[in-house]
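Report on the following structure.
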Amino acid sequence: MSRTSTTALIGAASLGGSVLAVLGAREMLRRQAAQARRRIGKPLGEDALDADRVWRPAFAGEPIELLLLGDSIAAGLGAERRKDTLGARIAKGLARRMQRPVRLRTAAVVGSESSALAGQIAALPADYRADVAVVIVGGNDVTHRIPVSSAAASLADAVATLRADGTAVVVGTCPDLGALRPVPQPLRTLGSRQSRQLANSQAISARAAGAHVVSLGRVVGPFFISHPDEMFSLDRFHPSATGYRRTADALLPAVVIAVGAAGIDQPGASGG
């Protein structure tokens with residue numbers, strides 16, 4: 001056998017070994033994903049509590065219109081009381097800061113990917129316009145292997161649509177999925193890396209479209225990693241009341257800034 005033939009055989013064997021290794025790794029990740037789904041299950045169901053109402057109605061002035069878009073976190077799945085959902089937490093905090101009542105409308109849907117944002121906006125009443133919208137999405141894009149570029153583009157389109165209607169927008173980027181203890185390794189590390197990649201792309205795209213951006217993975221992610229028993233609900237996947245409080249606290253400053261930039265004042269404030 002010639003040296004060239006021998007080299008070709010070695011190369012083919014190496015390539016074959018690499019292909020088998022890749023296939024083996026994919027099968028392992030597939031099994032781990034199935035294992036994670038069994039561990040997590042759906043003990044919370046698929047419907048979040050309905051927290052839509054006017055919060056802090058005793059304050060003076062017309063209610064600030066607050067819209068929540070996105071996935072199960074935006075919908076508040078995991079909270080056991082309406083007042084502990086993410087939307088309610090933000091609404092109460094915004095009302096307190098602005099001394100104005102806040103009317104919450106939640107259009108977020110459990111299980112949504114970024115591509116669903118357009119439908120959530122389209123389903124709003126024709127005469128409805130939010131003063132400020134909070135968008136949280138991305139986790140399902142990672143778990144469903146949606147390309148980062150596609151997910152970020154869908155988010156940017158949604159932000160542009162809202163901004164064109166005069167709505168201020170705050171985007172909470174994709175949480176760090178590395179905090180999910182029920183997900184075994186190395187799938188958890190892979191999910192963490194992919195969620196960070198998506199969050200970075202979301203931040204760039206959302207800012208370019210006119211949104212205020214909060215990095216949830218950076219701001220609240222460490223709390224979910226260091227205090228999982230407090231921060232997660234019983235399914236160990238969605239936030240608990242404490243987790244939603246921390247998340248709302250992280251988002252609220254950006255929401256207040258967005259509302260102020262939109263020209264919404266406290267009652268009695270002069271326009272200058």
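The way I read the labels, and the way they are meant: chains A, B, ... in the order of the structure tokens, residue 1 as the first residue of every chain, and ligand 1 as the first ligand shown, with later ones counted on from there.
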Legend entry - DSSP alpha helix (DSSP H) residues within segment 63-248 of chain A, listed as a PyMOL selection string: chain A and resi 72-75+86-98+117-122+139-143+148-164+187-208+216-219+221-226+228-231+241-248
Legend entry - Sel. of strand (DSSP E) residues, segment 32-219 of chain A, as a list of chain:residue names: A:Val54, A:Trp55, A:Ile64, A:Glu65, A:Leu66, A:Leu67, A:Leu68, A:Leu69, A:Gly70, A:Val102, A:Arg103, A:Leu104, A:Arg105, A:Thr106, A:Val132, A:Ala133, A:Val134, A:Val135, A:Ile136, A:Ala168, A:Val169, A:Val170, A:Val171, A:Gly172, A:His212, A:Val213, A:Val214
Inset, instruction - Please provide as a ChimeraX atom specification all residues within 7 Å of segment 44-59 of chain A, with the sequence filter that same-chain residues fewer than 5 positions apart are discarded (counting only C-alpha atoms). - result: /A:75-78,82-83,88,91-92,95,99-106,110
Inset, instruction - Skip Asp265 of chain A itself and residues of its chain fewer than 2 positions away, then list as number ranges by chain all residues within 12 Å of it, counting only C-alpha atoms. - result: A: 60-64, 94-95, 97-100, 131, 256-263, 267-272
Return as a tab-separated table the residues of segment 185-239 of chain A lying at most 12 Å from segment 111-117 of chain A, together with the closest atom-to-atom pair for each and the distance in Å to one decimal, counting only C-alpha atoms, with rows in chain order and ascending residue number.
```
residue	atom	partner	partner_atom	distance
A:Leu198	CA	A:Ser114	CA	11.1
A:Gln202	CA	A:Ser114	CA	10.3
A:His238	CA	A:Gly111	CA	11.6
```
Once you have the residues from the selection above, write them out as a PDB file, in the first residue's frame, restricted to all heavy atoms.
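Okay, again14.pdb is ready:
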```pdb
ATOM      1  N   LEU A 198     -27.579  34.253  23.043  1.00  0.00           N
ATOM      2  CA  LEU A 198     -28.839  34.861  22.631  1.00  0.00           C
ATOM      3  C   LEU A 198     -29.055  36.187  23.351  1.00  0.00           C
ATOM      4  O   LEU A 198     -29.476  37.175  22.737  1.00  0.00           O
ATOM      5  CB  LEU A 198     -30.010  33.917  22.920  1.00  0.00           C
ATOM      6  CG  LEU A 198     -31.408  34.478  22.607  1.00  0.00           C
ATOM      7  CD1 LEU A 198     -31.503  34.943  21.162  1.00  0.00           C
ATOM      8  CD2 LEU A 198     -32.486  33.439  22.904  1.00  0.00           C
ATOM      9  N   GLN A 202     -29.749  39.659  21.604  1.00  0.00           N
ATOM     10  CA  GLN A 202     -30.989  40.377  21.918  1.00  0.00           C
ATOM     11  C   GLN A 202     -30.688  41.820  22.326  1.00  0.00           C
ATOM     12  O   GLN A 202     -31.386  42.755  21.905  1.00  0.00           O
ATOM     13  CB  GLN A 202     -31.732  39.684  23.055  1.00  0.00           C
ATOM     14  CG  GLN A 202     -32.443  38.405  22.690  1.00  0.00           C
ATOM     15  CD  GLN A 202     -33.100  37.779  23.915  1.00  0.00           C
ATOM     16  OE1 GLN A 202     -32.550  37.810  25.017  1.00  0.00           O
ATOM     17  NE2 GLN A 202     -34.288  37.222  23.738  1.00  0.00           N
ATOM     18  N   HIS A 238     -39.362  27.645  36.834  1.00  0.00           N
ATOM     19  CA  HIS A 238     -39.918  28.998  36.800  1.00  0.00           C
ATOM     20  C   HIS A 238     -39.664  29.700  38.132  1.00  0.00           C
ATOM     21  O   HIS A 238     -39.537  29.043  39.168  1.00  0.00           O
ATOM     22  CB  HIS A 238     -41.418  28.960  36.505  1.00  0.00           C
ATOM     23  CG  HIS A 238     -41.741  28.453  35.145  1.00  0.00           C
ATOM     24  ND1 HIS A 238     -41.988  27.115  34.884  1.00  0.00           N
ATOM     25  CD2 HIS A 238     -41.820  29.096  33.952  1.00  0.00           C
ATOM     26  CE1 HIS A 238     -42.220  26.965  33.586  1.00  0.00           C
ATOM     27  NE2 HIS A 238     -42.129  28.140  33.003  1.00  0.00           N
TER      28      HIS A 238
END
```
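From atom CA of Asp127 of chain A back to atom CA of Gly70 of chain A, the distance works out to 20.8 Å.
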